[in-house]
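structure39.pdb follows (PDB, C-alpha atoms, pLDDT in the B column):
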```pdb
ATOM      1  CA  ALA A   1     -29.038 -43.027 -28.038  1.00 72.00           C
ATOM      2  CA  GLN A   2     -28.957 -39.667 -26.323  1.00 79.00           C
ATOM      3  CA  LYS A   3     -31.071 -39.064 -23.268  1.00 89.00           C
ATOM      4  CA  ILE A   4     -31.780 -36.257 -20.820  1.00 95.00           C
ATOM      5  CA  THR A   5     -33.428 -36.904 -17.460  1.00 96.00           C
ATOM      6  CA  GLN A   6     -34.962 -34.275 -15.209  1.00 97.00           C
ATOM      7  CA  THR A   7     -36.271 -35.991 -12.086  1.00 96.00           C
ATOM      8  CA  GLN A   8     -38.086 -33.053 -10.487  1.00 96.00           C
ATOM      9  CA  PRO A   9     -41.481 -32.471 -12.155  1.00 94.00           C
ATOM     10  CA  GLY A  10     -42.195 -29.535  -9.843  1.00 95.00           C
ATOM     11  CA  MET A  11     -40.535 -27.472  -7.125  1.00 96.00           C
ATOM     12  CA  PHE A  12     -41.714 -24.831  -4.668  1.00 97.00           C
ATOM     13  CA  VAL A  13     -39.054 -22.454  -3.358  1.00 97.00           C
ATOM     14  CA  GLN A  14     -39.176 -19.391  -1.123  1.00 97.00           C
ATOM     15  CA  GLU A  15     -38.176 -16.113  -2.700  1.00 97.00           C
ATOM     16  CA  LYS A  16     -34.480 -15.210  -2.237  1.00 97.00           C
ATOM     17  CA  GLU A  17     -33.451 -18.815  -1.632  1.00 97.00           C
ATOM     18  CA  ALA A  18     -31.034 -20.601  -3.965  1.00 97.00           C
ATOM     19  CA  VAL A  19     -32.486 -23.295  -6.248  1.00 97.00           C
ATOM     20  CA  THR A  20     -30.860 -26.357  -7.795  1.00 98.00           C
ATOM     21  CA  LEU A  21     -32.586 -28.023 -10.737  1.00 98.00           C
ATOM     22  CA  ASP A  22     -31.304 -31.503 -11.505  1.00 98.00           C
ATOM     23  CA  CYS A  23     -30.308 -32.813 -14.921  1.00 98.00           C
ATOM     24  CA  THR A  24     -28.518 -36.006 -15.891  1.00 98.00           C
ATOM     25  CA  TYR A  25     -27.637 -37.034 -19.420  1.00 96.00           C
ATOM     26  CA  ASP A  26     -26.454 -40.002 -21.381  1.00 94.00           C
ATOM     27  CA  THR A  27     -24.434 -39.876 -24.569  1.00 90.00           C
ATOM     28  CA  SER A  28     -21.559 -41.832 -26.074  1.00 86.00           C
ATOM     29  CA  ASP A  29     -20.340 -38.824 -28.077  1.00 86.00           C
ATOM     30  CA  PRO A  30     -17.155 -37.342 -26.493  1.00 88.00           C
ATOM     31  CA  SER A  31     -18.029 -33.901 -27.866  1.00 87.00           C
ATOM     32  CA  TYR A  32     -21.350 -32.518 -26.687  1.00 90.00           C
ATOM     33  CA  GLY A  33     -22.993 -29.444 -25.254  1.00 92.00           C
ATOM     34  CA  LEU A  34     -25.509 -28.903 -22.484  1.00 95.00           C
ATOM     35  CA  PHE A  35     -28.080 -26.119 -22.394  1.00 96.00           C
ATOM     36  CA  TRP A  36     -30.677 -24.794 -20.009  1.00 98.00           C
ATOM     37  CA  TYR A  37     -33.774 -22.966 -21.243  1.00 98.00           C
ATOM     38  CA  LYS A  38     -36.524 -21.183 -19.346  1.00 98.00           C
ATOM     39  CA  GLN A  39     -40.124 -21.249 -20.581  1.00 97.00           C
ATOM     40  CA  PRO A  40     -42.520 -18.778 -18.931  1.00 96.00           C
ATOM     41  CA  SER A  41     -46.262 -19.298 -19.172  1.00 93.00           C
ATOM     42  CA  SER A  42     -46.302 -17.240 -22.390  1.00 92.00           C
ATOM     43  CA  GLY A  43     -44.521 -20.124 -24.125  1.00 93.00           C
ATOM     44  CA  GLU A  44     -41.334 -18.648 -25.540  1.00 93.00           C
ATOM     45  CA  MET A  45     -38.068 -20.476 -24.863  1.00 96.00           C
ATOM     46  CA  ILE A  46     -35.363 -18.332 -23.282  1.00 96.00           C
ATOM     47  CA  PHE A  47     -31.736 -19.484 -23.404  1.00 95.00           C
ATOM     48  CA  LEU A  48     -30.056 -19.328 -19.987  1.00 97.00           C
ATOM     49  CA  ILE A  49     -26.670 -21.022 -20.041  1.00 97.00           C
ATOM     50  CA  TYR A  50     -24.391 -23.351 -22.022  1.00 95.00           C
ATOM     51  CA  GLN A  51     -21.657 -25.823 -21.034  1.00 96.00           C
ATOM     52  CA  GLY A  52     -19.386 -27.573 -23.528  1.00 93.00           C
ATOM     53  CA  SER A  53     -18.097 -31.041 -22.709  1.00 92.00           C
ATOM     54  CA  TYR A  54     -14.485 -29.895 -22.930  1.00 92.00           C
ATOM     55  CA  ASP A  55     -14.946 -26.713 -20.892  1.00 92.00           C
ATOM     56  CA  GLN A  56     -12.775 -26.814 -17.783  1.00 90.00           C
ATOM     57  CA  GLN A  57     -14.761 -24.281 -15.772  1.00 94.00           C
ATOM     58  CA  ASN A  58     -18.406 -24.415 -14.799  1.00 96.00           C
ATOM     59  CA  ALA A  59     -20.442 -21.943 -16.829  1.00 96.00           C
ATOM     60  CA  THR A  60     -21.948 -18.887 -15.146  1.00 96.00           C
ATOM     61  CA  GLU A  61     -24.345 -16.210 -16.430  1.00 96.00           C
ATOM     62  CA  GLY A  62     -25.404 -13.673 -13.822  1.00 96.00           C
ATOM     63  CA  ARG A  63     -27.548 -15.483 -11.228  1.00 97.00           C
ATOM     64  CA  TYR A  64     -27.342 -18.745 -13.170  1.00 98.00           C
ATOM     65  CA  SER A  65     -24.546 -21.266 -12.860  1.00 97.00           C
ATOM     66  CA  LEU A  66     -24.180 -24.772 -14.165  1.00 98.00           C
ATOM     67  CA  ASN A  67     -22.773 -27.423 -11.835  1.00 97.00           C
ATOM     68  CA  PHE A  68     -21.115 -29.702 -14.398  1.00 97.00           C
ATOM     69  CA  GLN A  69     -19.942 -33.082 -13.118  1.00 96.00           C
ATOM     70  CA  LYS A  70     -18.733 -34.902 -16.188  1.00 95.00           C
ATOM     71  CA  ALA A  71     -17.939 -38.253 -14.577  1.00 95.00           C
ATOM     72  CA  ARG A  72     -21.435 -38.406 -13.095  1.00 96.00           C
ATOM     73  CA  LYS A  73     -22.998 -37.092 -16.332  1.00 96.00           C
ATOM     74  CA  SER A  74     -24.710 -34.397 -14.369  1.00 97.00           C
ATOM     75  CA  ALA A  75     -25.434 -30.777 -15.365  1.00 98.00           C
ATOM     76  CA  ASN A  76     -27.499 -29.146 -12.629  1.00 98.00           C
ATOM     77  CA  LEU A  77     -28.683 -25.546 -12.921  1.00 98.00           C
ATOM     78  CA  VAL A  78     -28.226 -23.355  -9.865  1.00 98.00           C
ATOM     79  CA  ILE A  79     -30.216 -20.135  -9.516  1.00 98.00           C
ATOM     80  CA  SER A  80     -28.953 -17.890  -6.754  1.00 95.00           C
ATOM     81  CA  ALA A  81     -31.256 -15.519  -4.860  1.00 95.00           C
ATOM     82  CA  SER A  82     -34.468 -16.608  -6.574  1.00 96.00           C
ATOM     83  CA  GLN A  83     -37.030 -14.018  -7.652  1.00 97.00           C
ATOM     84  CA  LEU A  84     -40.768 -14.225  -8.324  1.00 97.00           C
ATOM     85  CA  GLY A  85     -40.024 -13.801 -12.033  1.00 97.00           C
ATOM     86  CA  ASP A  86     -38.062 -17.061 -12.002  1.00 98.00           C
ATOM     87  CA  SER A  87     -41.338 -18.998 -11.816  1.00 98.00           C
ATOM     88  CA  ALA A  88     -41.433 -20.983 -15.079  1.00 97.00           C
ATOM     89  CA  MET A  89     -40.698 -24.331 -16.724  1.00 97.00           C
ATOM     90  CA  TYR A  90     -37.001 -25.125 -17.003  1.00 98.00           C
ATOM     91  CA  PHE A  91     -35.602 -27.502 -19.599  1.00 98.00           C
ATOM     92  CA  CYS A  92     -32.211 -29.139 -19.811  1.00 97.00           C
ATOM     93  CA  ALA A  93     -31.059 -30.047 -23.326  1.00 96.00           C
ATOM     94  CA  LEU A  94     -28.212 -31.972 -24.938  1.00 94.00           C
ATOM     95  CA  ARG A  95     -26.498 -31.281 -28.248  1.00 89.00           C
ATOM     96  CA  TYR A  96     -24.848 -34.491 -29.284  1.00 68.00           C
ATOM     97  CA  SER A  97     -23.349 -33.966 -32.728  1.00 63.00           C
ATOM     98  CA  GLY A  98     -20.628 -31.627 -33.855  1.00 50.00           C
ATOM     99  CA  GLY A  99     -21.834 -28.191 -34.783  1.00 46.00           C
ATOM    100  CA  GLY A 100     -25.290 -28.694 -33.387  1.00 48.00           C
ATOM    101  CA  ALA A 101     -26.820 -29.188 -36.787  1.00 56.00           C
ATOM    102  CA  ASP A 102     -28.985 -32.071 -35.635  1.00 72.00           C
ATOM    103  CA  GLY A 103     -30.728 -30.067 -32.942  1.00 81.00           C
ATOM    104  CA  LEU A 104     -31.101 -30.621 -29.230  1.00 90.00           C
ATOM    105  CA  THR A 105     -32.632 -33.404 -27.166  1.00 92.00           C
ATOM    106  CA  PHE A 106     -34.737 -32.018 -24.315  1.00 94.00           C
ATOM    107  CA  GLY A 107     -35.682 -33.337 -20.910  1.00 95.00           C
ATOM    108  CA  LYS A 108     -39.297 -33.245 -19.729  1.00 95.00           C
ATOM    109  CA  GLY A 109     -38.721 -30.139 -17.672  1.00 96.00           C
ATOM    110  CA  THR A 110     -39.120 -28.921 -14.102  1.00 97.00           C
ATOM    111  CA  HIS A 111     -41.927 -26.559 -13.141  1.00 97.00           C
ATOM    112  CA  LEU A 112     -40.433 -24.079 -10.675  1.00 98.00           C
ATOM    113  CA  ILE A 113     -42.706 -21.922  -8.524  1.00 98.00           C
ATOM    114  CA  ILE A 114     -41.192 -19.168  -6.414  1.00 97.00           C
ATOM    115  CA  GLN A 115     -43.285 -18.243  -3.385  1.00 96.00           C
ATOM    116  CA  PRO A 116     -43.195 -14.805  -1.733  1.00 95.00           C
TER     117      PRO A 116
ATOM    118  CA  ASP B 117     -34.508  -6.692 -34.649  1.00 68.00           C
ATOM    119  CA  GLY B 118     -33.270 -10.174 -35.597  1.00 74.00           C
ATOM    120  CA  GLY B 119     -35.402 -13.091 -34.636  1.00 94.00           C
ATOM    121  CA  ILE B 120     -37.836 -15.828 -35.544  1.00 96.00           C
ATOM    122  CA  THR B 121     -41.448 -15.158 -36.398  1.00 97.00           C
ATOM    123  CA  GLN B 122     -44.086 -17.851 -36.165  1.00 97.00           C
ATOM    124  CA  SER B 123     -47.655 -17.490 -37.359  1.00 96.00           C
ATOM    125  CA  PRO B 124     -50.394 -17.920 -36.534  1.00 96.00           C
ATOM    126  CA  LYS B 125     -50.083 -17.834 -32.754  1.00 96.00           C
ATOM    127  CA  TYR B 126     -53.348 -19.741 -32.318  1.00 96.00           C
ATOM    128  CA  LEU B 127     -55.011 -22.012 -34.854  1.00 94.00           C
ATOM    129  CA  PHE B 128     -58.127 -24.132 -34.797  1.00 93.00           C
ATOM    130  CA  ARG B 129     -58.716 -26.886 -37.292  1.00 91.00           C
ATOM    131  CA  LYS B 130     -61.363 -29.474 -37.987  1.00 90.00           C
ATOM    132  CA  GLU B 131     -60.390 -33.110 -38.159  1.00 89.00           C
ATOM    133  CA  GLY B 132     -59.312 -34.150 -41.642  1.00 88.00           C
ATOM    134  CA  GLN B 133     -57.929 -30.768 -42.635  1.00 91.00           C
ATOM    135  CA  ASN B 134     -54.312 -29.966 -43.387  1.00 94.00           C
ATOM    136  CA  VAL B 135     -52.847 -26.849 -41.819  1.00 95.00           C
ATOM    137  CA  THR B 136     -49.577 -25.020 -42.448  1.00 97.00           C
ATOM    138  CA  LEU B 137     -47.598 -23.211 -39.755  1.00 98.00           C
ATOM    139  CA  SER B 138     -45.270 -20.465 -40.877  1.00 98.00           C
ATOM    140  CA  CYS B 139     -41.736 -19.890 -39.593  1.00 98.00           C
ATOM    141  CA  GLU B 140     -39.489 -17.071 -40.827  1.00 98.00           C
ATOM    142  CA  GLN B 141     -36.042 -16.073 -39.522  1.00 97.00           C
ATOM    143  CA  ASN B 142     -33.766 -13.130 -40.277  1.00 96.00           C
ATOM    144  CA  LEU B 143     -30.788 -14.345 -38.262  1.00 94.00           C
ATOM    145  CA  ASN B 144     -29.020 -15.706 -41.360  1.00 93.00           C
ATOM    146  CA  HIS B 145     -28.884 -19.155 -39.752  1.00 93.00           C
ATOM    147  CA  ASP B 146     -28.388 -22.214 -41.918  1.00 92.00           C
ATOM    148  CA  ALA B 147     -30.202 -24.687 -39.675  1.00 92.00           C
ATOM    149  CA  MET B 148     -33.892 -24.635 -38.782  1.00 95.00           C
ATOM    150  CA  TYR B 149     -36.022 -26.966 -36.676  1.00 95.00           C
ATOM    151  CA  TRP B 150     -39.592 -27.803 -35.731  1.00 97.00           C
ATOM    152  CA  TYR B 151     -40.428 -29.116 -32.276  1.00 97.00           C
ATOM    153  CA  ARG B 152     -43.683 -30.281 -30.792  1.00 97.00           C
ATOM    154  CA  GLN B 153     -44.499 -29.760 -27.117  1.00 97.00           C
ATOM    155  CA  ASP B 154     -47.170 -31.658 -25.195  1.00 94.00           C
ATOM    156  CA  PRO B 155     -47.863 -31.216 -21.470  1.00 84.00           C
ATOM    157  CA  GLY B 156     -45.347 -33.191 -19.407  1.00 77.00           C
ATOM    158  CA  GLN B 157     -43.446 -34.345 -22.511  1.00 81.00           C
ATOM    159  CA  GLY B 158     -40.826 -31.699 -23.075  1.00 90.00           C
ATOM    160  CA  LEU B 159     -39.935 -30.852 -26.672  1.00 94.00           C
ATOM    161  CA  ARG B 160     -39.738 -33.475 -29.385  1.00 94.00           C
ATOM    162  CA  LEU B 161     -38.076 -32.941 -32.756  1.00 93.00           C
ATOM    163  CA  ILE B 162     -40.327 -33.225 -35.821  1.00 95.00           C
ATOM    164  CA  TYR B 163     -38.093 -32.137 -38.726  1.00 95.00           C
ATOM    165  CA  TYR B 164     -34.903 -30.211 -39.236  1.00 94.00           C
ATOM    166  CA  SER B 165     -33.081 -28.627 -42.125  1.00 94.00           C
ATOM    167  CA  GLN B 166     -29.370 -27.875 -42.288  1.00 91.00           C
ATOM    168  CA  ILE B 167     -29.414 -26.144 -45.670  1.00 91.00           C
ATOM    169  CA  VAL B 168     -31.806 -24.913 -48.345  1.00 94.00           C
ATOM    170  CA  ASN B 169     -33.594 -27.657 -50.301  1.00 95.00           C
ATOM    171  CA  ASP B 170     -32.627 -30.308 -47.775  1.00 94.00           C
ATOM    172  CA  PHE B 171     -34.341 -31.575 -44.620  1.00 94.00           C
ATOM    173  CA  GLN B 172     -34.380 -34.649 -42.379  1.00 92.00           C
ATOM    174  CA  LYS B 173     -36.956 -36.396 -40.243  1.00 93.00           C
ATOM    175  CA  GLY B 174     -36.717 -36.040 -36.511  1.00 91.00           C
ATOM    176  CA  ASP B 175     -38.122 -38.363 -33.863  1.00 90.00           C
ATOM    177  CA  ILE B 176     -41.824 -37.835 -34.592  1.00 94.00           C
ATOM    178  CA  ALA B 177     -42.117 -36.925 -38.311  1.00 95.00           C
ATOM    179  CA  GLU B 178     -45.131 -39.096 -39.144  1.00 96.00           C
ATOM    180  CA  GLY B 179     -48.096 -36.994 -40.242  1.00 96.00           C
ATOM    181  CA  TYR B 180     -46.000 -33.877 -40.868  1.00 97.00           C
ATOM    182  CA  SER B 181     -44.289 -32.393 -43.913  1.00 97.00           C
ATOM    183  CA  VAL B 182     -41.901 -29.479 -44.441  1.00 98.00           C
ATOM    184  CA  SER B 183     -40.165 -27.551 -47.197  1.00 97.00           C
ATOM    185  CA  ARG B 184     -37.048 -25.363 -47.283  1.00 97.00           C
ATOM    186  CA  GLU B 185     -37.111 -23.370 -50.499  1.00 97.00           C
ATOM    187  CA  LYS B 186     -35.511 -20.279 -48.946  1.00 97.00           C
ATOM    188  CA  LYS B 187     -32.953 -19.894 -46.190  1.00 96.00           C
ATOM    189  CA  GLU B 188     -35.325 -17.667 -44.211  1.00 97.00           C
ATOM    190  CA  SER B 189     -38.393 -19.891 -44.308  1.00 98.00           C
ATOM    191  CA  PHE B 190     -39.254 -23.359 -42.975  1.00 98.00           C
ATOM    192  CA  PRO B 191     -43.028 -23.978 -43.016  1.00 98.00           C
ATOM    193  CA  LEU B 192     -44.551 -27.024 -41.336  1.00 98.00           C
ATOM    194  CA  THR B 193     -47.693 -28.725 -42.639  1.00 97.00           C
ATOM    195  CA  VAL B 194     -49.703 -30.795 -40.207  1.00 96.00           C
ATOM    196  CA  THR B 195     -51.550 -33.283 -42.369  1.00 94.00           C
ATOM    197  CA  SER B 196     -54.748 -35.189 -41.747  1.00 89.00           C
ATOM    198  CA  ALA B 197     -52.566 -38.272 -41.209  1.00 88.00           C
ATOM    199  CA  GLN B 198     -51.298 -36.874 -37.907  1.00 88.00           C
ATOM    200  CA  LYS B 199     -53.436 -38.732 -35.369  1.00 88.00           C
ATOM    201  CA  ASN B 200     -53.137 -36.336 -32.446  1.00 91.00           C
ATOM    202  CA  PRO B 201     -52.164 -32.902 -33.796  1.00 93.00           C
ATOM    203  CA  THR B 202     -53.353 -30.744 -30.893  1.00 95.00           C
ATOM    204  CA  ALA B 203     -50.118 -29.364 -29.416  1.00 96.00           C
ATOM    205  CA  PHE B 204     -47.809 -26.376 -29.078  1.00 97.00           C
ATOM    206  CA  TYR B 205     -45.374 -26.090 -31.999  1.00 98.00           C
ATOM    207  CA  LEU B 206     -42.047 -24.326 -31.723  1.00 97.00           C
ATOM    208  CA  CYS B 207     -39.775 -23.333 -34.583  1.00 98.00           C
ATOM    209  CA  ALA B 208     -36.076 -22.685 -33.981  1.00 96.00           C
ATOM    210  CA  SER B 209     -32.884 -21.896 -35.832  1.00 95.00           C
ATOM    211  CA  SER B 210     -29.202 -22.168 -35.030  1.00 91.00           C
ATOM    212  CA  ASP B 211     -25.792 -21.170 -36.225  1.00 83.00           C
ATOM    213  CA  ARG B 212     -24.437 -24.672 -36.709  1.00 69.00           C
ATOM    214  CA  HIS B 213     -20.848 -23.481 -36.610  1.00 68.00           C
ATOM    215  CA  TYR B 214     -20.977 -22.304 -33.014  1.00 71.00           C
ATOM    216  CA  THR B 215     -22.394 -23.897 -29.845  1.00 80.00           C
ATOM    217  CA  GLY B 216     -25.591 -25.088 -31.446  1.00 80.00           C
ATOM    218  CA  GLU B 217     -27.763 -22.845 -29.282  1.00 89.00           C
ATOM    219  CA  LEU B 218     -31.323 -22.784 -30.582  1.00 92.00           C
ATOM    220  CA  PHE B 219     -33.141 -19.497 -31.053  1.00 94.00           C
ATOM    221  CA  PHE B 220     -36.878 -20.012 -30.769  1.00 96.00           C
ATOM    222  CA  GLY B 221     -39.989 -18.355 -32.103  1.00 97.00           C
ATOM    223  CA  GLU B 222     -42.929 -17.653 -29.808  1.00 96.00           C
ATOM    224  CA  GLY B 223     -44.767 -20.783 -30.844  1.00 97.00           C
ATOM    225  CA  SER B 224     -48.047 -21.746 -32.493  1.00 97.00           C
ATOM    226  CA  ARG B 225     -50.808 -23.450 -30.550  1.00 96.00           C
ATOM    227  CA  LEU B 226     -52.870 -25.795 -32.720  1.00 96.00           C
ATOM    228  CA  THR B 227     -56.196 -27.153 -31.534  1.00 95.00           C
ATOM    229  CA  VAL B 228     -58.125 -29.743 -33.492  1.00 91.00           C
ATOM    230  CA  LEU B 229     -61.858 -29.610 -32.943  1.00 86.00           C
TER     231      LEU B 229
END
```

Exercise: express the given structure as structure tokens:
Amino acid sequence: AQKITQTQPGMFVQEKEAVTLDCTYDTSDPSYGLFWYKQPSSGEMIFLIYQGSYDQQNATEGRYSLNFQKARKSANLVISASQLGDSAMYFCALRYSGGGADGLTFGKGTHLIIQP
Amino acid sequence: DGGITQSPKYLFRKEGQNVTLSCEQNLNHDAMYWYRQDPGQGLRLIYYSQIVNDFQKGDIAEGYSVSREKKESFPLTVTSAQKNPTAFYLCASSDRHYTGELFFGEGSRLTVL
């Protein structure tokens, strides 16, 4: 069975500091993908970043980077220079079948609050 | 603009009533999904459909039903058999031939009175 674990229910961070949100996963499928989504209080899910299991480099998208440690089954999200607008729920998700047709398995999320 | 439209945004229902949530997409995606979100639980998969006229149960399908008569539409019915239907419901679609990224609608919040 596939599983995603996010061990930080909530985090408080000072504005402009870097943030690391933890995510570990478990799957026996050699081909998989890892995603991070942001959910503001309005409820919509915003895609942030993607890492494929065979990608050699860690994924980066602007201020977001994914620290992918395959042997440890870890896919932490790093947000550099945090901003007040980064306050939201953050979800890590795992795609475990080829092509993604079966959907994603989500962790329980981390509630990030950026303080001025 | 391409995207996913869910309606209604807010819905109130009395116990014992069925209710249908609408989900329409114009992204030309084959696959569509329904997720349920409860506080502290993350998102859980209810049903998904990879192609028109075909759909599969997800992890928590009991008390729900779906149809996929058109590529663009994937409505979810919350039946009276669903014991705890109050939740936030999210519809999504994906291009199954790429990374599998899900594109989400804005969600529907159902409250049972």

With the file shown as input, list the residues that the PyMOL selection byres ((chain A and resi 100-113) around 6) selects, as number ranges by chain. A: 4-6, 8-12, 87-95, 97-99, 114; B: 157-159, 212, 216

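CA of Arg129 (chain B) sits 28.5 Å away from CA of Ile46 (chain A).
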
Just how far from CA of Lys38 (chain A) is CA of Pro191 (chain B), in Å to one decimal?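 So the answer is 24.7 Å.
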
Which residues fall under the PyMOL selection byres ((chain A and resi 58-68) around 7) in this file, as a PDB file with C-alpha atoms, in the coordinates of the input?
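File expr_24.pdb, as written:
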```pdb
ATOM      1  CA  ILE A  49     -26.670 -21.022 -20.041  1.00 97.00           C
ATOM      2  CA  TYR A  50     -24.391 -23.351 -22.022  1.00 95.00           C
ATOM      3  CA  GLN A  51     -21.657 -25.823 -21.034  1.00 96.00           C
ATOM      4  CA  GLN A  56     -12.775 -26.814 -17.783  1.00 90.00           C
ATOM      5  CA  GLN A  57     -14.761 -24.281 -15.772  1.00 94.00           C
ATOM      6  CA  GLN A  69     -19.942 -33.082 -13.118  1.00 96.00           C
ATOM      7  CA  LYS A  70     -18.733 -34.902 -16.188  1.00 95.00           C
ATOM      8  CA  SER A  74     -24.710 -34.397 -14.369  1.00 97.00           C
ATOM      9  CA  ALA A  75     -25.434 -30.777 -15.365  1.00 98.00           C
ATOM     10  CA  ASN A  76     -27.499 -29.146 -12.629  1.00 98.00           C
ATOM     11  CA  LEU A  77     -28.683 -25.546 -12.921  1.00 98.00           C
ATOM     12  CA  VAL A  78     -28.226 -23.355  -9.865  1.00 98.00           C
ATOM     13  CA  ILE A  79     -30.216 -20.135  -9.516  1.00 98.00           C
ATOM     14  CA  SER A  80     -28.953 -17.890  -6.754  1.00 95.00           C
TER      15      SER A  80
END
```

Neighbours of chain A in chain B at 8 Å, counting all atoms listed in the file, as a PyMOL selection string: chain B and resi 147+149+156-161+164+166+210+212-223

Those same residues, written as a PDB file, in the coordinates of the input with C-alpha atoms?
```pdb
ATOM      1  CA  ALA B 147     -30.202 -24.687 -39.675  1.00 92.00           C
ATOM      2  CA  TYR B 149     -36.022 -26.966 -36.676  1.00 95.00           C
ATOM      3  CA  GLY B 156     -45.347 -33.191 -19.407  1.00 77.00           C
ATOM      4  CA  GLN B 157     -43.446 -34.345 -22.511  1.00 81.00           C
ATOM      5  CA  GLY B 158     -40.826 -31.699 -23.075  1.00 90.00           C
ATOM      6  CA  LEU B 159     -39.935 -30.852 -26.672  1.00 94.00           C
ATOM      7  CA  ARG B 160     -39.738 -33.475 -29.385  1.00 94.00           C
ATOM      8  CA  LEU B 161     -38.076 -32.941 -32.756  1.00 93.00           C
ATOM      9  CA  TYR B 164     -34.903 -30.211 -39.236  1.00 94.00           C
ATOM     10  CA  GLN B 166     -29.370 -27.875 -42.288  1.00 91.00           C
ATOM     11  CA  SER B 210     -29.202 -22.168 -35.030  1.00 91.00           C
ATOM     12  CA  ARG B 212     -24.437 -24.672 -36.709  1.00 69.00           C
ATOM     13  CA  HIS B 213     -20.848 -23.481 -36.610  1.00 68.00           C
ATOM     14  CA  TYR B 214     -20.977 -22.304 -33.014  1.00 71.00           C
ATOM     15  CA  THR B 215     -22.394 -23.897 -29.845  1.00 80.00           C
ATOM     16  CA  GLY B 216     -25.591 -25.088 -31.446  1.00 80.00           C
ATOM     17  CA  GLU B 217     -27.763 -22.845 -29.282  1.00 89.00           C
ATOM     18  CA  LEU B 218     -31.323 -22.784 -30.582  1.00 92.00           C
ATOM     19  CA  PHE B 219     -33.141 -19.497 -31.053  1.00 94.00           C
ATOM     20  CA  PHE B 220     -36.878 -20.012 -30.769  1.00 96.00           C
ATOM     21  CA  GLY B 221     -39.989 -18.355 -32.103  1.00 97.00           C
ATOM     22  CA  GLU B 222     -42.929 -17.653 -29.808  1.00 96.00           C
ATOM     23  CA  GLY B 223     -44.767 -20.783 -30.844  1.00 97.00           C
TER      24      GLY B 223
END
```

Residues returned when the PyMOL selection byres ((chain A and resi 15) around 7) runs on this file, as a compact mmCIF listing (two decimals) with C-alpha atoms, in the frame of the given file:
```
# COMPACT_ATOMS: atom_id res chain seq x y z
CA VAL A 13 -39.05 -22.45 -3.36
CA GLN A 14 -39.18 -19.39 -1.12
CA LYS A 16 -34.48 -15.21 -2.24
CA GLU A 17 -33.45 -18.82 -1.63
CA SER A 82 -34.47 -16.61 -6.57
CA GLN A 83 -37.03 -14.02 -7.65
CA LEU A 84 -40.77 -14.22 -8.32
CA ILE A 114 -41.19 -19.17 -6.41
CA GLN A 115 -43.28 -18.24 -3.38
CA PRO A 116 -43.20 -14.80 -1.73
```

Since the input has fewer atoms than a full residue there, write region 28-40 of chain A out with N, CA and C atoms, as a PDB file, keeping the file's coordinate frame.
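Result saved to selection_37.pdb:
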```
ATOM      1  N   SER A  28     -22.847 -41.186 -25.826  1.00 86.00           N
ATOM      2  CA  SER A  28     -21.559 -41.832 -26.074  1.00 86.00           C
ATOM      3  C   SER A  28     -20.632 -40.922 -26.883  1.00 86.00           C
ATOM      4  N   ASP A  29     -21.138 -39.768 -27.294  1.00 86.00           N
ATOM      5  CA  ASP A  29     -20.340 -38.824 -28.077  1.00 86.00           C
ATOM      6  C   ASP A  29     -19.390 -38.076 -27.143  1.00 86.00           C
ATOM      7  N   PRO A  30     -18.078 -38.057 -27.386  1.00 88.00           N
ATOM      8  CA  PRO A  30     -17.155 -37.342 -26.493  1.00 88.00           C
ATOM      9  C   PRO A  30     -17.285 -35.824 -26.583  1.00 88.00           C
ATOM     10  N   SER A  31     -17.845 -35.335 -27.678  1.00 87.00           N
ATOM     11  CA  SER A  31     -18.029 -33.901 -27.866  1.00 87.00           C
ATOM     12  C   SER A  31     -19.520 -33.596 -27.824  1.00 87.00           C
ATOM     13  N   TYR A  32     -19.935 -32.843 -26.820  1.00 90.00           N
ATOM     14  CA  TYR A  32     -21.350 -32.518 -26.687  1.00 90.00           C
ATOM     15  C   TYR A  32     -21.504 -31.200 -25.950  1.00 90.00           C
ATOM     16  N   GLY A  33     -22.708 -30.685 -25.957  1.00 92.00           N
ATOM     17  CA  GLY A  33     -22.993 -29.444 -25.254  1.00 92.00           C
ATOM     18  C   GLY A  33     -24.272 -29.580 -24.449  1.00 92.00           C
ATOM     19  N   LEU A  34     -24.336 -28.864 -23.355  1.00 95.00           N
ATOM     20  CA  LEU A  34     -25.509 -28.903 -22.484  1.00 95.00           C
ATOM     21  C   LEU A  34     -26.085 -27.501 -22.349  1.00 95.00           C
ATOM     22  N   PHE A  35     -27.391 -27.398 -22.430  1.00 96.00           N
ATOM     23  CA  PHE A  35     -28.080 -26.119 -22.394  1.00 96.00           C
ATOM     24  C   PHE A  35     -29.178 -26.153 -21.337  1.00 96.00           C
ATOM     25  N   TRP A  36     -29.482 -24.974 -20.820  1.00 98.00           N
ATOM     26  CA  TRP A  36     -30.677 -24.794 -20.009  1.00 98.00           C
ATOM     27  C   TRP A  36     -31.502 -23.667 -20.643  1.00 98.00           C
ATOM     28  N   TYR A  37     -32.826 -23.944 -20.747  1.00 98.00           N
ATOM     29  CA  TYR A  37     -33.774 -22.966 -21.243  1.00 98.00           C
ATOM     30  C   TYR A  37     -34.871 -22.756 -20.206  1.00 98.00           C
ATOM     31  N   LYS A  38     -35.393 -21.543 -20.205  1.00 98.00           N
ATOM     32  CA  LYS A  38     -36.524 -21.183 -19.346  1.00 98.00           C
ATOM     33  C   LYS A  38     -37.737 -20.946 -20.235  1.00 98.00           C
ATOM     34  N   GLN A  39     -38.894 -21.473 -19.826  1.00 97.00           N
ATOM     35  CA  GLN A  39     -40.124 -21.249 -20.581  1.00 97.00           C
ATOM     36  C   GLN A  39     -41.191 -20.675 -19.654  1.00 97.00           C
ATOM     37  N   PRO A  40     -41.435 -19.366 -19.719  1.00 96.00           N
ATOM     38  CA  PRO A  40     -42.520 -18.778 -18.931  1.00 96.00           C
ATOM     39  C   PRO A  40     -43.870 -19.236 -19.465  1.00 96.00           C
TER      40      PRO A  40
END
```
